[in-house]
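Structure file work28.txt (compact mmCIF, C-alpha atoms and all ligand atoms) is printed below.
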```
# COMPACT_ATOMS: atom_id res chain seq x y z
CA MET D 10 -25.13 -42.90 60.62
CA THR D 11 -21.55 -41.88 60.38
CA ASP D 12 -21.61 -38.27 61.45
CA LEU D 13 -18.28 -37.42 62.92
CA LEU D 14 -18.98 -33.87 63.91
CA ARG D 15 -22.36 -32.26 64.01
CA ALA D 16 -23.52 -28.72 64.78
CA GLU D 17 -27.14 -28.25 65.77
CA GLY D 18 -28.80 -24.85 66.08
CA ILE D 19 -25.60 -22.97 66.77
CA THR D 20 -26.03 -19.27 67.51
CA LYS D 21 -23.38 -16.72 68.37
CA THR D 22 -23.68 -12.99 68.93
CA TYR D 23 -20.69 -10.81 69.70
CA ARG D 24 -21.09 -7.72 71.82
CA ALA D 25 -19.12 -4.57 71.17
CA GLY D 26 -20.11 -2.11 73.90
CA ASN D 27 -23.88 -1.80 73.63
CA ARG D 28 -23.92 -3.09 70.08
CA LYS D 29 -24.86 -6.65 69.36
CA ILE D 30 -23.36 -8.35 66.33
CA PRO D 31 -25.35 -11.49 65.55
CA VAL D 32 -23.03 -13.73 63.53
CA LEU D 33 -24.47 -17.25 63.64
CA ARG D 34 -28.26 -17.51 63.74
CA GLY D 35 -28.92 -21.23 63.89
CA VAL D 36 -26.27 -23.22 62.07
CA ASP D 37 -26.80 -26.91 61.34
CA LEU D 38 -23.94 -28.79 59.76
CA ARG D 39 -22.50 -32.30 59.62
CA VAL D 40 -19.00 -33.48 58.85
CA LEU D 41 -19.22 -37.08 57.70
CA GLU D 42 -16.63 -39.74 58.32
CA GLY D 43 -13.98 -39.67 55.60
CA GLU D 44 -15.22 -36.67 53.65
CA ILE D 45 -13.65 -33.38 52.65
CA LEU D 46 -16.18 -30.63 53.21
CA ALA D 47 -15.63 -27.06 52.06
CA LEU D 48 -17.16 -24.06 53.80
CA VAL D 49 -17.36 -20.80 51.87
CA GLY D 50 -18.92 -17.42 52.59
CA SER D 51 -18.07 -13.76 52.30
CA SER D 52 -15.61 -12.06 54.61
CA GLY D 53 -17.20 -11.49 58.01
CA ALA D 54 -19.86 -14.15 57.43
CA GLY D 55 -18.71 -16.00 60.54
CA LYS D 56 -16.70 -18.90 59.09
CA SER D 57 -13.84 -18.62 61.58
CA THR D 58 -16.32 -18.16 64.42
CA LEU D 59 -18.08 -21.37 63.40
CA LEU D 60 -14.82 -23.27 62.98
CA HIS D 61 -13.67 -22.23 66.45
CA ILE D 62 -16.97 -23.41 67.92
CA LEU D 63 -16.75 -26.74 66.08
CA GLY D 64 -13.17 -27.13 67.28
CA LEU D 65 -14.26 -26.47 70.88
CA LEU D 66 -12.03 -23.41 71.03
CA ASP D 67 -15.05 -21.18 71.60
CA ARG D 68 -18.55 -21.82 72.91
CA PRO D 69 -21.87 -21.17 71.19
CA ASP D 70 -24.59 -19.05 72.82
CA GLU D 71 -27.14 -21.72 71.94
CA GLY D 72 -27.02 -25.06 70.22
CA VAL D 73 -24.75 -28.04 70.57
CA VAL D 74 -21.69 -29.55 68.93
CA ARG D 75 -21.70 -33.35 68.86
CA TYR D 76 -18.67 -35.52 68.24
CA ARG D 77 -19.74 -39.07 67.40
CA ASP D 78 -23.12 -38.23 68.93
CA VAL D 79 -21.65 -37.05 72.23
CA PRO D 80 -22.65 -33.43 73.02
CA VAL D 81 -19.04 -32.36 73.48
CA SER D 82 -19.73 -28.63 73.65
CA ARG D 83 -21.49 -29.28 76.96
CA LEU D 84 -18.68 -31.23 78.61
CA SER D 85 -16.57 -29.79 81.41
CA ALA D 86 -13.58 -27.72 80.32
CA ALA D 87 -11.16 -30.55 81.10
CA ARG D 88 -13.09 -33.20 79.18
CA LYS D 89 -13.64 -30.80 76.32
CA ALA D 90 -9.90 -30.18 76.14
CA ARG D 91 -9.28 -33.94 75.90
CA VAL D 92 -11.65 -34.28 72.95
CA ARG D 93 -10.11 -31.24 71.33
CA HIS D 94 -6.58 -32.51 71.67
CA ARG D 95 -7.22 -36.14 70.75
CA GLU D 96 -9.94 -36.11 68.15
CA ILE D 97 -9.93 -32.74 66.41
CA GLY D 98 -6.93 -31.25 64.63
CA PHE D 99 -6.92 -27.53 63.98
CA VAL D 100 -4.99 -25.65 61.30
CA PHE D 101 -5.11 -21.90 61.85
CA GLN D 102 -5.04 -19.37 59.07
CA PHE D 103 -1.73 -17.91 60.16
CA TYR D 104 -0.06 -21.17 61.22
CA HIS D 105 0.19 -20.26 64.95
CA LEU D 106 3.57 -21.93 65.27
CA ILE D 107 5.76 -21.11 68.26
CA PRO D 108 8.59 -18.96 66.86
CA GLU D 109 11.19 -20.11 69.41
CA LEU D 110 10.66 -23.80 68.64
CA ASP D 111 11.92 -25.68 65.60
CA ALA D 112 9.65 -27.69 63.29
CA LEU D 113 10.08 -30.95 65.21
CA GLN D 114 9.38 -29.30 68.57
CA ASN D 115 6.32 -27.50 67.20
CA VAL D 116 4.85 -30.79 66.03
CA CYS D 117 5.68 -32.58 69.31
CA LEU D 118 4.01 -29.80 71.29
CA GLY D 119 0.59 -31.01 70.17
CA ALA D 120 1.21 -34.34 71.89
CA MET D 121 2.80 -32.80 74.99
CA MET D 122 -0.49 -31.03 75.70
CA LEU D 123 -2.14 -34.42 76.12
CA THR D 124 -0.18 -35.66 79.04
CA SER D 125 1.49 -35.04 82.39
CA VAL D 126 5.24 -34.48 82.73
CA ALA D 127 5.72 -38.11 83.75
CA GLY D 128 3.54 -39.25 80.88
CA TRP D 129 5.54 -37.12 78.50
CA LEU D 130 8.86 -38.60 79.65
CA GLY D 131 7.44 -42.04 78.87
CA MET D 132 6.12 -41.20 75.45
CA ARG D 133 8.70 -38.67 74.32
CA ARG D 134 10.68 -40.98 72.05
CA ARG D 135 7.57 -42.39 70.40
CA VAL D 136 6.13 -38.93 69.80
CA LYS D 137 9.40 -37.65 68.36
CA ASP D 138 9.58 -40.60 65.99
CA ARG D 139 6.02 -39.98 64.91
CA ALA D 140 6.67 -36.24 64.47
CA ARG D 141 9.74 -37.03 62.34
CA GLU D 142 7.70 -39.43 60.26
CA LEU D 143 4.91 -36.88 59.75
CA LEU D 144 7.32 -34.11 58.80
CA GLY D 145 8.99 -36.55 56.42
CA ARG D 146 5.64 -37.22 54.80
CA MET D 147 5.15 -33.48 54.47
CA GLY D 148 8.45 -33.31 52.58
CA LEU D 149 10.24 -31.59 55.45
CA GLY D 150 12.51 -34.43 56.54
CA ASP D 151 15.57 -32.19 56.15
CA ARG D 152 14.04 -29.14 57.85
CA LEU D 153 13.32 -30.58 61.30
CA ARG D 154 15.61 -28.17 63.08
CA ASN D 155 14.44 -25.03 61.30
CA ARG D 156 12.39 -22.51 63.23
CA PRO D 157 9.28 -21.00 61.57
CA ALA D 158 11.17 -17.81 60.58
CA GLN D 159 13.56 -20.04 58.60
CA LEU D 160 10.72 -21.68 56.66
CA SER D 161 8.60 -20.50 53.74
CA GLY D 162 4.85 -19.98 54.08
CA GLY D 163 4.10 -23.32 52.44
CA GLU D 164 6.61 -25.09 54.69
CA ARG D 165 5.10 -23.48 57.78
CA GLN D 166 1.69 -24.66 56.69
CA ARG D 167 3.06 -28.21 56.33
CA VAL D 168 4.43 -28.03 59.87
CA ALA D 169 1.00 -26.82 61.05
CA ILE D 170 -0.65 -29.78 59.29
CA ALA D 171 1.84 -32.22 60.82
CA ARG D 172 1.09 -30.73 64.23
CA ALA D 173 -2.63 -31.19 63.64
CA LEU D 174 -1.98 -34.85 62.79
CA ILE D 175 0.24 -35.77 65.73
CA ALA D 176 -2.59 -37.07 67.92
CA ASP D 177 -4.17 -39.06 65.06
CA PRO D 178 -7.39 -37.04 64.98
CA SER D 179 -10.45 -38.19 63.04
CA VAL D 180 -11.12 -34.74 61.67
CA ILE D 181 -9.07 -31.67 60.88
CA LEU D 182 -10.60 -28.21 60.78
CA ALA D 183 -8.55 -25.87 58.60
CA ASP D 184 -9.16 -22.13 58.35
CA GLU D 185 -8.11 -21.00 54.87
CA PRO D 186 -5.20 -23.44 54.67
CA THR D 187 -4.09 -21.95 51.35
CA GLY D 188 -5.14 -18.35 52.02
CA ASN D 189 -1.64 -16.92 52.17
CA LEU D 190 0.08 -19.09 49.59
CA ASP D 191 0.79 -18.68 45.88
CA SER D 192 -1.10 -20.93 43.49
CA ARG D 193 1.62 -23.55 43.08
CA THR D 194 2.21 -23.87 46.81
CA SER D 195 -1.55 -23.95 47.40
CA GLU D 196 -1.81 -26.84 44.96
CA GLU D 197 0.89 -28.75 46.86
CA ILE D 198 -0.82 -28.19 50.21
CA LEU D 199 -4.16 -29.32 48.75
CA ASP D 200 -2.59 -32.46 47.26
CA LEU D 201 -1.20 -33.17 50.70
CA ILE D 202 -4.61 -32.73 52.34
CA TRP D 203 -6.23 -35.04 49.80
CA ARG D 204 -3.48 -37.61 50.31
CA ILE D 205 -3.93 -37.57 54.10
CA ASN D 206 -7.67 -37.96 53.59
CA GLU D 207 -7.20 -40.94 51.27
CA GLU D 208 -4.39 -42.68 53.12
CA ASP D 209 -5.48 -42.08 56.72
CA GLY D 210 -9.23 -41.55 56.29
CA VAL D 211 -9.05 -38.23 58.14
CA SER D 212 -12.05 -35.98 57.45
CA PHE D 213 -11.44 -32.33 56.66
CA LEU D 214 -13.53 -29.21 56.98
CA LEU D 215 -11.83 -26.56 54.88
CA VAL D 216 -12.80 -22.90 55.12
CA THR D 217 -11.85 -21.40 51.79
CA HIS D 218 -12.28 -18.46 49.43
CA ASP D 219 -10.87 -20.53 46.60
CA ALA D 220 -13.49 -21.76 44.13
CA GLN D 221 -11.16 -24.55 43.00
CA VAL D 222 -10.86 -25.94 46.50
CA ALA D 223 -14.62 -25.73 46.90
CA SER D 224 -15.30 -27.61 43.67
CA ARG D 225 -12.71 -30.28 44.45
CA ALA D 226 -14.26 -31.03 47.85
CA ASP D 227 -16.83 -33.79 48.30
CA ARG D 228 -19.40 -31.24 49.39
CA CYS D 229 -19.49 -27.50 49.70
CA LEU D 230 -21.61 -25.44 52.08
CA ARG D 231 -22.04 -21.69 52.16
CA LEU D 232 -22.45 -19.61 55.29
CA ALA D 233 -24.62 -16.58 54.59
CA ASP D 234 -26.77 -14.43 56.87
CA GLY D 235 -25.85 -16.61 59.80
CA VAL D 236 -27.13 -19.88 58.38
CA ILE D 237 -25.85 -22.66 56.13
CA GLU D 238 -26.95 -23.16 52.58
CA ASP D 239 -25.61 -25.53 49.96
CA GLY D 240 -22.81 -23.70 48.18
CA THR D 241 -22.39 -25.67 44.96
CA GLY D 242 -25.62 -25.96 43.11
CA ARG D 243 -25.07 -29.69 43.69
CA PRO D 244 -27.55 -31.27 46.07
CA ALA D 245 -26.01 -31.30 49.53
CA GLY D 246 -24.55 -34.74 50.13
CA GLU D 247 -23.69 -35.42 46.50
CA SER D 248 -20.03 -36.21 46.11
CA ALA D 249 -17.66 -34.49 43.69
CA ARG D 250 -15.63 -37.70 43.66
CA GLY D 251 -18.32 -40.23 42.94
CA ALA D 252 -21.94 -40.99 42.57
CA PRO D 253 -24.54 -39.57 44.93
CA GLY D 254 -24.52 -41.57 48.09
CA ALA D 255 -20.84 -42.45 47.73
CA ILE D 256 -20.40 -40.83 51.12
CA PRO D 257 -21.90 -42.89 53.92
CA GLY D 258 -24.96 -41.11 55.12
CA GLY D 259 -24.86 -38.61 52.24
CA GLY D 260 -28.39 -37.29 52.40
CA LYS D 261 -30.26 -34.09 51.92
CA GLU D 262 -29.24 -32.50 55.19
CA ALA D 263 -26.25 -30.22 55.62
N1 LIG P 1 -14.16 -11.34 69.32
C1 LIG P 1 -15.02 -10.63 68.57
N2 LIG P 1 -15.70 -9.58 69.08
C2 LIG P 1 -16.58 -8.87 68.33
N3 LIG P 1 -16.84 -9.17 67.03
C3 LIG P 1 -16.18 -10.20 66.47
C4 LIG P 1 -15.23 -10.99 67.20
N4 LIG P 1 -14.75 -11.94 66.38
C5 LIG P 1 -15.37 -11.76 65.20
N5 LIG P 1 -16.22 -10.73 65.25
C6 LIG P 1 -17.11 -10.26 64.17
O1 LIG P 1 -17.92 -11.36 63.79
C7 LIG P 1 -18.09 -11.40 62.37
C8 LIG P 1 -17.62 -12.75 61.83
O2 LIG P 1 -16.21 -12.87 61.99
P1 LIG P 1 -15.41 -14.13 61.46
O3 LIG P 1 -13.97 -13.89 61.78
O4 LIG P 1 -16.02 -15.36 62.00
O5 LIG P 1 -15.69 -14.03 59.89
P2 LIG P 1 -15.06 -14.87 58.68
O6 LIG P 1 -16.20 -15.39 57.88
O7 LIG P 1 -14.08 -15.83 59.20
O8 LIG P 1 -14.34 -13.72 57.83
P3 LIG P 1 -12.98 -13.81 56.93
O9 LIG P 1 -13.38 -14.49 55.65
O10 LIG P 1 -12.64 -12.35 56.69
O11 LIG P 1 -11.93 -14.53 57.71
C9 LIG P 1 -17.33 -10.20 61.83
O12 LIG P 1 -18.25 -9.15 61.66
C10 LIG P 1 -16.36 -9.86 62.93
O13 LIG P 1 -16.07 -8.50 62.93
MG MG P 2 -12.02 -16.06 58.99
```

Rendering of file as structure tokens:
Amino acid sequence: MTDLLRAEGITKTYRAGNRKIPVLRGVDLRVLEGEILALVGSSGAGKSTLLHILGLLDRPDEGVVRYRDVPVSRLSAARKARVRHREIGFVFQFYHLIPELDALQNVCLGAMMLTSVAGWLGMRRRVKDRARELLGRMGLGDRLRNRPAQLSGGERQRVAIARALIADPSVILADEPTGNLDSRTSEEILDLIWRINEEDGVSFLLVTHDAQVASRADRCLRLADGVIEDGTGRPAGESARGAPGAIPGGGKEA
């Protein structure tokens, strides 16, 4: 089976004083190799919470996150950080770029996190070349030296996507990647995501409120009442791009 990322029985309850806020009540979900999966759900349903757990940025109360069958959510903090930096790209809703750094430096930062100072000195040129190439692909070849404040929302999102790609991850988790953009810019960002998926085989999990994004994705899941249900009316696993079973392992399960 070609599960890339798999959540099994994930639960998460926040505590605010004495109050308990159960958000995830047993989430099962798979991201398959090469697919674009959309995740929808009303505001407050727990989509960001789930994405942070899948991206190893937060830990579940119960359940496990597996990356290529390895129970990565149970690894030590250091080993978890390696998986997070090397295998899983993350695109935050509000870009999370460092304001003092220019576009090129923001993209390089993702790779700097992977290594020691000595390691960085050895790989610096290669990383910079790769960052330049990625920003070029994002259509930002002439904006390398601009800081985030000097870029539009769509351009910032492109920098954030380039940063997510710098370590050649297998999967990118994106929290409302078009949430703050006008429809034309959203369209451009989505085309870019689909191109990266087709050219590099990177899988995407896209949290979205946009019905168009959801219908364009290979599969769509809905998070409601703390669990996952199929969000399309299509059988889970049936591809929007091709026949059922076009996705390796496309079955009945989420
Ligand atoms: N750190 C926290 N402490 C307490 N409650 C939290 C915390 N983070 C999130 N919550 C609560 O958990 C629930 C789920 O939040 P989450 O941000 O995951 O929702 P979401 O589906 O991403 O919503 P949106 O579509 O508005 O981004 C909400 O009720 C929120 O208030
Ligand atoms: Mg959210």

What box, with edges along x, y and z, holds each listed atom of region 195-208 of chain D when 8 Å is added on every side, and can you state its centre and edge lengths in Å to one decimal, as AutoDock Vina command-line options?
```
--center_x -3.4 --center_y -33.3 --center_z 49.5 --size_x 24.6 --size_y 34.7 --size_z 25.1
```

Contacts of Ser57 (chain D) within 12 Å, all atoms listed in the file, excl. fewer than 6 positions in-chain, as a PDB file with C-alpha atoms, in the frame of the given file:
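Here's the written file out.pdb:
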```pdb
ATOM      1  CA  LYS D  21     -23.380 -16.720  68.370  1.00  0.00           C
ATOM      2  CA  VAL D  32     -23.030 -13.730  63.530  1.00  0.00           C
ATOM      3  CA  LEU D  33     -24.470 -17.250  63.640  1.00  0.00           C
ATOM      4  CA  LEU D  48     -17.160 -24.060  53.800  1.00  0.00           C
ATOM      5  CA  VAL D  49     -17.360 -20.800  51.870  1.00  0.00           C
ATOM      6  CA  GLY D  50     -18.920 -17.420  52.590  1.00  0.00           C
ATOM      7  CA  SER D  51     -18.070 -13.760  52.300  1.00  0.00           C
ATOM      8  CA  LEU D  63     -16.750 -26.740  66.080  1.00  0.00           C
ATOM      9  CA  GLY D  64     -13.170 -27.130  67.280  1.00  0.00           C
ATOM     10  CA  LEU D  66     -12.030 -23.410  71.030  1.00  0.00           C
ATOM     11  CA  ASP D  67     -15.050 -21.180  71.600  1.00  0.00           C
ATOM     12  CA  PHE D  99      -6.920 -27.530  63.980  1.00  0.00           C
ATOM     13  CA  VAL D 100      -4.990 -25.650  61.300  1.00  0.00           C
ATOM     14  CA  PHE D 101      -5.110 -21.900  61.850  1.00  0.00           C
ATOM     15  CA  GLN D 102      -5.040 -19.370  59.070  1.00  0.00           C
ATOM     16  CA  LEU D 182     -10.600 -28.210  60.780  1.00  0.00           C
ATOM     17  CA  ALA D 183      -8.550 -25.870  58.600  1.00  0.00           C
ATOM     18  CA  ASP D 184      -9.160 -22.130  58.350  1.00  0.00           C
ATOM     19  CA  GLU D 185      -8.110 -21.000  54.870  1.00  0.00           C
ATOM     20  CA  LEU D 214     -13.530 -29.210  56.980  1.00  0.00           C
ATOM     21  CA  LEU D 215     -11.830 -26.560  54.880  1.00  0.00           C
ATOM     22  CA  VAL D 216     -12.800 -22.900  55.120  1.00  0.00           C
ATOM     23  CA  THR D 217     -11.850 -21.400  51.790  1.00  0.00           C
ATOM     24  CA  LEU D 232     -22.450 -19.610  55.290  1.00  0.00           C
TER      25      LEU D 232
END
```

Let me make sure I understand: among D:Asp227, D:Val126, D:Pro186, D:Asp177, which one has the smallest atom-to-atom distance to ligand MG 2 (chain P) if we use only C-alpha atoms and all ligand atoms? D:Pro186

Test item: residues at most 7 Å from region 211-213 of chain D, only C-alpha atoms, excluding those fewer than 6 positions along its chain, as a JSON list (two decimals) with C-alpha atoms, in the frame of the given file:
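And here is the file that came out, out-v3.json:
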```json
[["chain", "number", "residue", "atom", "x", "y", "z"],
["D", 42, "GLU", "CA", -16.63, -39.74, 58.32],
["D", 43, "GLY", "CA", -13.98, -39.67, 55.60],
["D", 44, "GLU", "CA", -15.22, -36.67, 53.65],
["D", 45, "ILE", "CA", -13.65, -33.38, 52.65],
["D", 46, "LEU", "CA", -16.18, -30.63, 53.21],
["D", 179, "SER", "CA", -10.45, -38.19, 63.04],
["D", 180, "VAL", "CA", -11.12, -34.74, 61.67],
["D", 181, "ILE", "CA", -9.07, -31.67, 60.88],
["D", 182, "LEU", "CA", -10.60, -28.21, 60.78],
["D", 205, "ILE", "CA", -3.93, -37.57, 54.10]]
```

I need the residue nearest Val168 (chain D) from this list: D:Leu65, D:Ala112, D:Ala54, D:Val79. Use all atoms listed in the file for the distance.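 Checking each candidate against Val168 (chain D), we get D:Ala112 as the closest.
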
Between CA of Gly72 (chain D) and CA of Arg88 (chain D), what is the distance, to one decimal in Å?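 That distance, rounded to one decimal, is 18.5 Å.
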
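When all atoms listed in the file are used to compute distances to ligand MG 2 (chain P), the closest of the residues D:Pro178, D:Pro69, D:Gly188, D:Gly145 turns out to be D:Gly188.
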
I'd like the neighbourhood of Asp200 (chain D) as JSON, numbers by chain, where a residue qualifies if any of its atoms comes within 12 Å (using only C-alpha atoms), though same-chain residues fewer than 4 positions away should be ignored. {"D": [147, 167, 186, 187, 193, 194, 195, 196, 204, 205, 206, 207, 208, 222, 225, 226]}

Check the smallest atom-to-atom distance from each of D:Arg135, D:Arg34, D:Arg77, D:Arg146 to ligand LIG 1 (chain P) using all atoms listed in the file, then report the winner.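 Between D:Arg135, D:Arg34, D:Arg77, D:Arg146, the residue approaching ligand LIG 1 (chain P) most closely is D:Arg34.
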
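The nearest approach to ligand LIG 1 (chain P) among the residues D:Asn189, D:Asn115, D:Thr11, D:Ser125, with all atoms listed in the file taken into account, belongs to D:Asn189.
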
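A straight line drawn from CA of Asp209 (chain D) to CA of Ile175 (chain D) is 12.4 Å long.
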
Just the residues within 12 Å of region 23-30 of chain D, please, counting only C-alpha atoms, with nothing from its chain fewer than 6 positions along; format it as a list in words.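 So, after excluding close chain neighbours, the residues are Gly53, Ala54, Gly55, Thr58, Asp67, Arg68, Pro69, Asp70, Asp234 and Gly235 of chain D.
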
For ligand MG 2 (chain P), the nearest of the candidates D:Arg165, D:Arg15, D:His218, D:Arg228, counting all atoms listed in the file: D:His218
